[in-house]
$ cat data-v1.cif   # mmCIF, C-alpha atoms and all ligand atoms
data_work
#
loop_
_atom_site.label_atom_id
_atom_site.label_comp_id
_atom_site.auth_asym_id
_atom_site.auth_seq_id
_atom_site.Cartn_x
_atom_site.Cartn_y
_atom_site.Cartn_z
CA MET A 1 -5.18 -7.92 -9.69
CA GLN A 2 -5.30 -5.26 -7.02
CA ASP A 3 -5.02 -1.55 -7.02
CA PHE A 4 -3.58 0.89 -4.54
CA SER A 5 -4.79 4.38 -5.04
CA LYS A 6 -3.55 7.79 -4.06
CA ILE A 7 -5.60 9.50 -1.40
CA SER A 8 -5.26 12.96 -2.97
CA GLY A 9 -5.98 14.32 -6.40
CA THR A 10 -9.20 14.40 -8.37
CA THR A 11 -8.63 11.10 -10.13
CA PRO A 12 -7.22 8.23 -8.11
CA ASP A 13 -4.11 6.96 -9.83
CA ILE A 14 -2.89 3.43 -9.51
CA ILE A 15 0.56 3.60 -7.91
CA GLY A 16 1.16 -0.11 -7.49
CA GLU A 17 -0.23 -3.47 -8.52
CA CYS A 18 0.25 -7.12 -7.71
CA ILE A 19 -0.41 -9.08 -10.87
CA THR A 20 -1.00 -12.83 -10.77
CA TYR A 21 -0.48 -14.65 -14.05
CA THR A 22 -2.33 -17.79 -15.12
CA ASN A 23 0.82 -19.85 -14.48
CA GLY A 24 0.84 -18.65 -10.86
CA GLN A 25 3.77 -16.30 -11.30
CA LYS A 26 3.32 -12.96 -9.56
CA GLU A 27 4.70 -9.54 -10.35
CA ILE A 28 4.61 -6.21 -8.55
CA ILE A 29 4.42 -3.14 -10.75
CA ILE A 30 5.12 0.31 -9.32
CA ASP A 31 4.32 3.67 -10.89
CA GLU A 32 7.80 5.07 -11.57
CA GLU A 33 6.60 8.67 -11.59
CA TYR A 34 5.08 8.26 -8.12
CA TRP A 35 8.15 6.43 -6.80
CA ASN A 36 10.47 9.24 -7.89
CA ALA A 37 8.22 12.19 -6.97
CA PRO A 38 10.01 14.70 -4.73
CA GLU A 39 7.25 14.67 -2.10
CA ILE A 40 7.46 10.89 -1.71
CA GLY A 41 9.61 9.62 1.14
CA ASP A 42 11.02 6.28 2.22
CA GLY A 43 7.97 5.72 4.44
CA ASP A 44 5.69 6.03 1.41
CA ARG A 45 7.85 3.67 -0.62
CA GLU A 46 8.01 1.03 2.11
CA GLU A 47 4.26 1.32 2.78
CA LEU A 48 3.59 0.81 -0.94
CA ILE A 49 5.94 -2.16 -1.36
CA PHE A 50 4.69 -3.87 1.81
CA HIS A 51 1.10 -3.30 0.66
CA GLU A 52 1.82 -4.99 -2.65
CA LEU A 53 3.77 -7.80 -0.95
CA GLY A 54 0.73 -8.21 1.31
CA HIS A 55 -1.25 -9.04 -1.82
CA CYS A 56 1.39 -11.03 -3.70
CA GLN A 57 3.12 -12.87 -0.86
CA LEU A 58 0.61 -12.98 2.00
CA GLY A 59 -2.53 -13.27 -0.13
CA LEU A 60 -4.23 -10.38 1.67
CA VAL A 61 -7.15 -8.38 0.31
CA HIS A 62 -8.06 -4.75 0.99
CA VAL A 63 -9.31 -3.83 4.46
CA ASN A 64 -10.72 -0.32 4.55
CA THR A 65 -11.54 0.03 8.24
CA LEU A 66 -10.27 3.06 10.15
CA LEU A 67 -8.80 3.67 13.60
CA PRO A 68 -10.71 5.99 15.99
CA ASN A 69 -8.42 8.82 14.83
CA GLY A 70 -9.54 8.33 11.22
CA MET A 71 -6.31 6.74 9.97
CA PRO A 72 -6.41 3.33 8.26
CA THR A 73 -6.34 0.23 10.49
CA THR A 74 -3.89 -1.46 8.14
CA ILE A 75 -1.60 -0.71 5.19
CA MET A 76 -3.89 -3.10 3.26
CA ASN A 77 -6.29 -0.16 2.99
CA ALA A 78 -7.14 0.43 -0.70
CA GLN A 79 -5.85 3.97 -0.39
CA HIS A 80 -2.28 4.95 0.26
CA PHE A 81 -1.92 7.14 3.35
CA SER A 82 0.79 9.41 4.73
CA GLY A 83 4.18 7.73 4.70
CA THR A 84 5.12 9.93 7.66
CA TRP A 85 2.20 8.50 9.64
CA TYR A 86 3.22 5.01 8.54
CA GLU A 87 6.80 5.57 9.73
CA LEU A 88 5.65 6.93 13.10
CA ASN A 89 3.47 3.84 13.59
CA ARG A 90 5.62 1.32 11.71
CA ASN A 91 5.73 -1.30 14.49
CA TYR A 92 1.94 -1.23 14.80
CA TYR A 93 1.35 -1.52 11.03
CA LEU A 94 3.86 -4.34 10.57
CA THR A 95 2.35 -6.26 13.50
CA VAL A 96 -1.13 -5.89 12.02
CA LEU A 97 0.16 -6.96 8.59
CA PHE A 98 1.33 -10.34 9.88
CA GLU A 99 -1.61 -11.06 12.24
ZN ZN B 1 -4.00 -3.14 -2.93
#
$ encode --input "data-v1.cif" --output "structure tokens"
Amino acid sequence: MQDFSKISGTTPDIIGECITYTNGQKEIIIDEEYWNAPEIGDGDREELIFHELGHCQLGLVHVNTLLPNGMPTTIMNAQHFSGTWYELNRNYYLTVLFE
């Protein structure tokens, strides 16, 4: 079971999870309130879904390294980052995801 936390706020909230059941079946659960929040854009939603698919489908774990500019090296970072930044650098992040 993996978590994916918000970067802001006093208490990190889980916004998505990849759950693996004992029979091997996997399920992605998304926080509906986060998904529908007015400040959340398509970049945020795609980043979140691809992060969870990274766990469930690619078997990836969290990687919390940062780029020289302070932004996460990968969307497999434990903390969700700006969906706008993700969209601007989408090709980079998707390439890294499948390396
Ligand atoms: Zn995660």
$ atom_distance --input "data-v1.cif" --atom1 "atom CA of Phe98 of chain A" --atom2 "atom CA of His80 of chain A"
18.4 Å
$ residues_near_ligand --input "data-v1.cif" --ligand "ligand ZN 1 (chain B)" --cutoff "10 Å" --atoms "all atoms listed in the file" --output "list in words"
Met1, Gln2, Asp3, Phe4, Ser5, Ile14, Ile15, Gly16, Glu17, Cys18, Leu48, Phe50, His51, Glu52, Leu53, Gly54, His55, Cys56, Leu60, Val61, His62, Val63, Ile75, Met76, Asn77, Ala78, Gln79 and His80 of chain A
$ atom_distance --input "data-v1.cif" --atom1 "atom CA of Tyr93 of chain A" --atom2 "atom CA of Gly70 of chain A"
14.7 Å
$ atom_distance --input "data-v1.cif" --atom1 "atom CA of Glu33 of chain A" --atom2 "atom CA of Tyr86 of chain A"
20.7 Å
$ residues_near_point --input "data-v1.cif" --point "(-3.5, 4.2, 9.5)" --cutoff "12 Å" --atoms "only C-alpha atoms" --output "ChimeraX atom specification"
/A:47,63-94,96-97
$ decode --input "data-v1.cif" --residues "chain A" --atoms "C-alpha atoms" --output "PDB file, in the first residue's frame"
ATOM      1  CA  MET A   1       0.000   0.000   0.000  1.00  0.00           C
ATOM      2  CA  GLN A   2       1.398   3.367  -0.962  1.00  0.00           C
ATOM      3  CA  ASP A   3       0.488   6.893  -0.177  1.00  0.00           C
ATOM      4  CA  PHE A   4       0.704  10.069  -2.171  1.00  0.00           C
ATOM      5  CA  SER A   5       0.548  13.145  -0.059  1.00  0.00           C
ATOM      6  CA  LYS A   6      -0.315  16.753  -0.674  1.00  0.00           C
ATOM      7  CA  ILE A   7       2.621  19.109  -0.511  1.00  0.00           C
ATOM      8  CA  SER A   8       0.646  21.898   1.196  1.00  0.00           C
ATOM      9  CA  GLY A   9      -1.463  22.032   4.304  1.00  0.00           C
ATOM     10  CA  THR A  10      -0.562  21.291   7.896  1.00  0.00           C
ATOM     11  CA  THR A  11      -1.537  17.632   7.774  1.00  0.00           C
ATOM     12  CA  PRO A  12      -0.591  15.657   4.687  1.00  0.00           C
ATOM     13  CA  ASP A  13      -3.706  14.076   3.269  1.00  0.00           C
ATOM     14  CA  ILE A  14      -3.667  10.907   1.256  1.00  0.00           C
ATOM     15  CA  ILE A  15      -5.030  11.780  -2.182  1.00  0.00           C
ATOM     16  CA  GLY A  16      -4.452   8.441  -3.867  1.00  0.00           C
ATOM     17  CA  GLU A  17      -3.530   4.862  -3.098  1.00  0.00           C
ATOM     18  CA  CYS A  18      -2.615   1.699  -4.938  1.00  0.00           C
ATOM     19  CA  ILE A  19      -3.939  -1.214  -2.927  1.00  0.00           C
ATOM     20  CA  THR A  20      -2.733  -4.756  -3.572  1.00  0.00           C
ATOM     21  CA  TYR A  21      -4.999  -7.501  -2.274  1.00  0.00           C
ATOM     22  CA  THR A  22      -3.823 -10.917  -1.098  1.00  0.00           C
ATOM     23  CA  ASN A  23      -5.208 -12.485  -4.294  1.00  0.00           C
ATOM     24  CA  GLY A  24      -2.972 -10.179  -6.356  1.00  0.00           C
ATOM     25  CA  GLN A  25      -5.783  -7.937  -7.519  1.00  0.00           C
ATOM     26  CA  LYS A  26      -4.914  -4.241  -7.453  1.00  0.00           C
ATOM     27  CA  GLU A  27      -7.080  -1.193  -7.010  1.00  0.00           C
ATOM     28  CA  ILE A  28      -6.426   2.535  -7.238  1.00  0.00           C
ATOM     29  CA  ILE A  29      -8.390   4.710  -4.857  1.00  0.00           C
ATOM     30  CA  ILE A  30      -8.565   8.470  -5.371  1.00  0.00           C
ATOM     31  CA  ASP A  31      -9.727  11.095  -2.894  1.00  0.00           C
ATOM     32  CA  GLU A  32     -12.908  12.387  -4.540  1.00  0.00           C
ATOM     33  CA  GLU A  33     -12.771  15.719  -2.718  1.00  0.00           C
ATOM     34  CA  TYR A  34      -9.242  16.369  -4.022  1.00  0.00           C
ATOM     35  CA  TRP A  35     -10.151  15.235  -7.548  1.00  0.00           C
ATOM     36  CA  ASN A  36     -13.063  17.671  -7.730  1.00  0.00           C
ATOM     37  CA  ALA A  37     -11.422  20.623  -5.953  1.00  0.00           C
ATOM     38  CA  PRO A  38     -11.630  23.822  -8.027  1.00  0.00           C
ATOM     39  CA  GLU A  39      -7.881  24.490  -7.791  1.00  0.00           C
ATOM     40  CA  ILE A  40      -7.034  21.056  -9.199  1.00  0.00           C
ATOM     41  CA  GLY A  41      -6.352  20.892 -12.921  1.00  0.00           C
ATOM     42  CA  ASP A  42      -5.955  18.166 -15.514  1.00  0.00           C
ATOM     43  CA  GLY A  43      -2.185  18.182 -14.944  1.00  0.00           C
ATOM     44  CA  ASP A  44      -2.717  17.373 -11.269  1.00  0.00           C
ATOM     45  CA  ARG A  45      -5.179  14.602 -12.102  1.00  0.00           C
ATOM     46  CA  GLU A  46      -2.903  13.003 -14.694  1.00  0.00           C
ATOM     47  CA  GLU A  47       0.130  13.276 -12.399  1.00  0.00           C
ATOM     48  CA  LEU A  48      -1.846  11.560  -9.634  1.00  0.00           C
ATOM     49  CA  ILE A  49      -3.213   8.751 -11.811  1.00  0.00           C
ATOM     50  CA  PHE A  50       0.164   8.085 -13.447  1.00  0.00           C
ATOM     51  CA  HIS A  51       1.789   8.051  -9.998  1.00  0.00           C
ATOM     52  CA  GLU A  52      -0.656   5.427  -8.793  1.00  0.00           C
ATOM     53  CA  LEU A  53      -0.326   3.433 -12.027  1.00  0.00           C
ATOM     54  CA  GLY A  54       3.439   3.611 -11.460  1.00  0.00           C
ATOM     55  CA  HIS A  55       2.839   1.703  -8.227  1.00  0.00           C
ATOM     56  CA  CYS A  56       0.086  -0.639  -9.406  1.00  0.00           C
ATOM     57  CA  GLN A  57       1.166  -1.364 -12.976  1.00  0.00           C
ATOM     58  CA  LEU A  58       4.918  -0.690 -13.088  1.00  0.00           C
ATOM     59  CA  GLY A  59       5.716  -1.827  -9.543  1.00  0.00           C
ATOM     60  CA  LEU A  60       7.584   1.394  -8.751  1.00  0.00           C
ATOM     61  CA  VAL A  61       8.316   2.683  -5.261  1.00  0.00           C
ATOM     62  CA  HIS A  62       8.729   6.281  -4.098  1.00  0.00           C
ATOM     63  CA  VAL A  63      11.806   8.197  -5.233  1.00  0.00           C
ATOM     64  CA  ASN A  64      12.190  11.463  -3.363  1.00  0.00           C
ATOM     65  CA  THR A  65      15.224  12.946  -5.098  1.00  0.00           C
ATOM     66  CA  LEU A  66      15.053  16.489  -6.446  1.00  0.00           C
ATOM     67  CA  LEU A  67      16.273  18.262  -9.577  1.00  0.00           C
ATOM     68  CA  PRO A  68      18.798  21.117  -9.168  1.00  0.00           C
ATOM     69  CA  ASN A  69      15.850  23.549  -9.286  1.00  0.00           C
ATOM     70  CA  GLY A  70      14.257  21.852  -6.266  1.00  0.00           C
ATOM     71  CA  MET A  71      11.442  20.129  -8.167  1.00  0.00           C
ATOM     72  CA  PRO A  72      11.000  16.350  -7.878  1.00  0.00           C
ATOM     73  CA  THR A  73      13.067  14.146 -10.206  1.00  0.00           C
ATOM     74  CA  THR A  74      10.061  11.930 -10.853  1.00  0.00           C
ATOM     75  CA  ILE A  75       6.291  11.816 -10.349  1.00  0.00           C
ATOM     76  CA  MET A  76       7.037   8.806  -8.107  1.00  0.00           C
ATOM     77  CA  ASN A  77       7.971  11.357  -5.441  1.00  0.00           C
ATOM     78  CA  ALA A  78       5.929  10.680  -2.281  1.00  0.00           C
ATOM     79  CA  GLN A  79       4.555  14.198  -2.449  1.00  0.00           C
ATOM     80  CA  HIS A  80       2.304  15.538  -5.153  1.00  0.00           C
ATOM     81  CA  PHE A  81       3.745  18.624  -6.846  1.00  0.00           C
ATOM     82  CA  SER A  82       2.344  21.362  -9.064  1.00  0.00           C
ATOM     83  CA  GLY A  83       0.272  19.949 -11.899  1.00  0.00           C
ATOM     84  CA  THR A  84       1.212  23.035 -13.910  1.00  0.00           C
ATOM     85  CA  TRP A  85       4.895  22.159 -13.517  1.00  0.00           C
ATOM     86  CA  TYR A  86       4.097  18.567 -14.443  1.00  0.00           C
ATOM     87  CA  GLU A  87       2.291  19.679 -17.613  1.00  0.00           C
ATOM     88  CA  LEU A  88       5.147  21.987 -18.639  1.00  0.00           C
ATOM     89  CA  ASN A  89       7.604  19.101 -18.235  1.00  0.00           C
ATOM     90  CA  ARG A  90       5.298  16.236 -19.198  1.00  0.00           C
ATOM     91  CA  ASN A  91       7.624  14.663 -21.778  1.00  0.00           C
ATOM     92  CA  TYR A  92      10.486  14.618 -19.278  1.00  0.00           C
ATOM     93  CA  TYR A  93       8.373  13.096 -16.480  1.00  0.00           C
ATOM     94  CA  LEU A  94       6.835  10.418 -18.701  1.00  0.00           C
ATOM     95  CA  THR A  95      10.270   9.472 -20.055  1.00  0.00           C
ATOM     96  CA  VAL A  96      11.635   9.143 -16.518  1.00  0.00           C
ATOM     97  CA  LEU A  97       8.579   7.103 -15.479  1.00  0.00           C
ATOM     98  CA  PHE A  98       9.302   4.388 -18.048  1.00  0.00           C
ATOM     99  CA  GLU A  99      13.112   4.308 -17.694  1.00  0.00           C
TER     100      GLU A  99
END
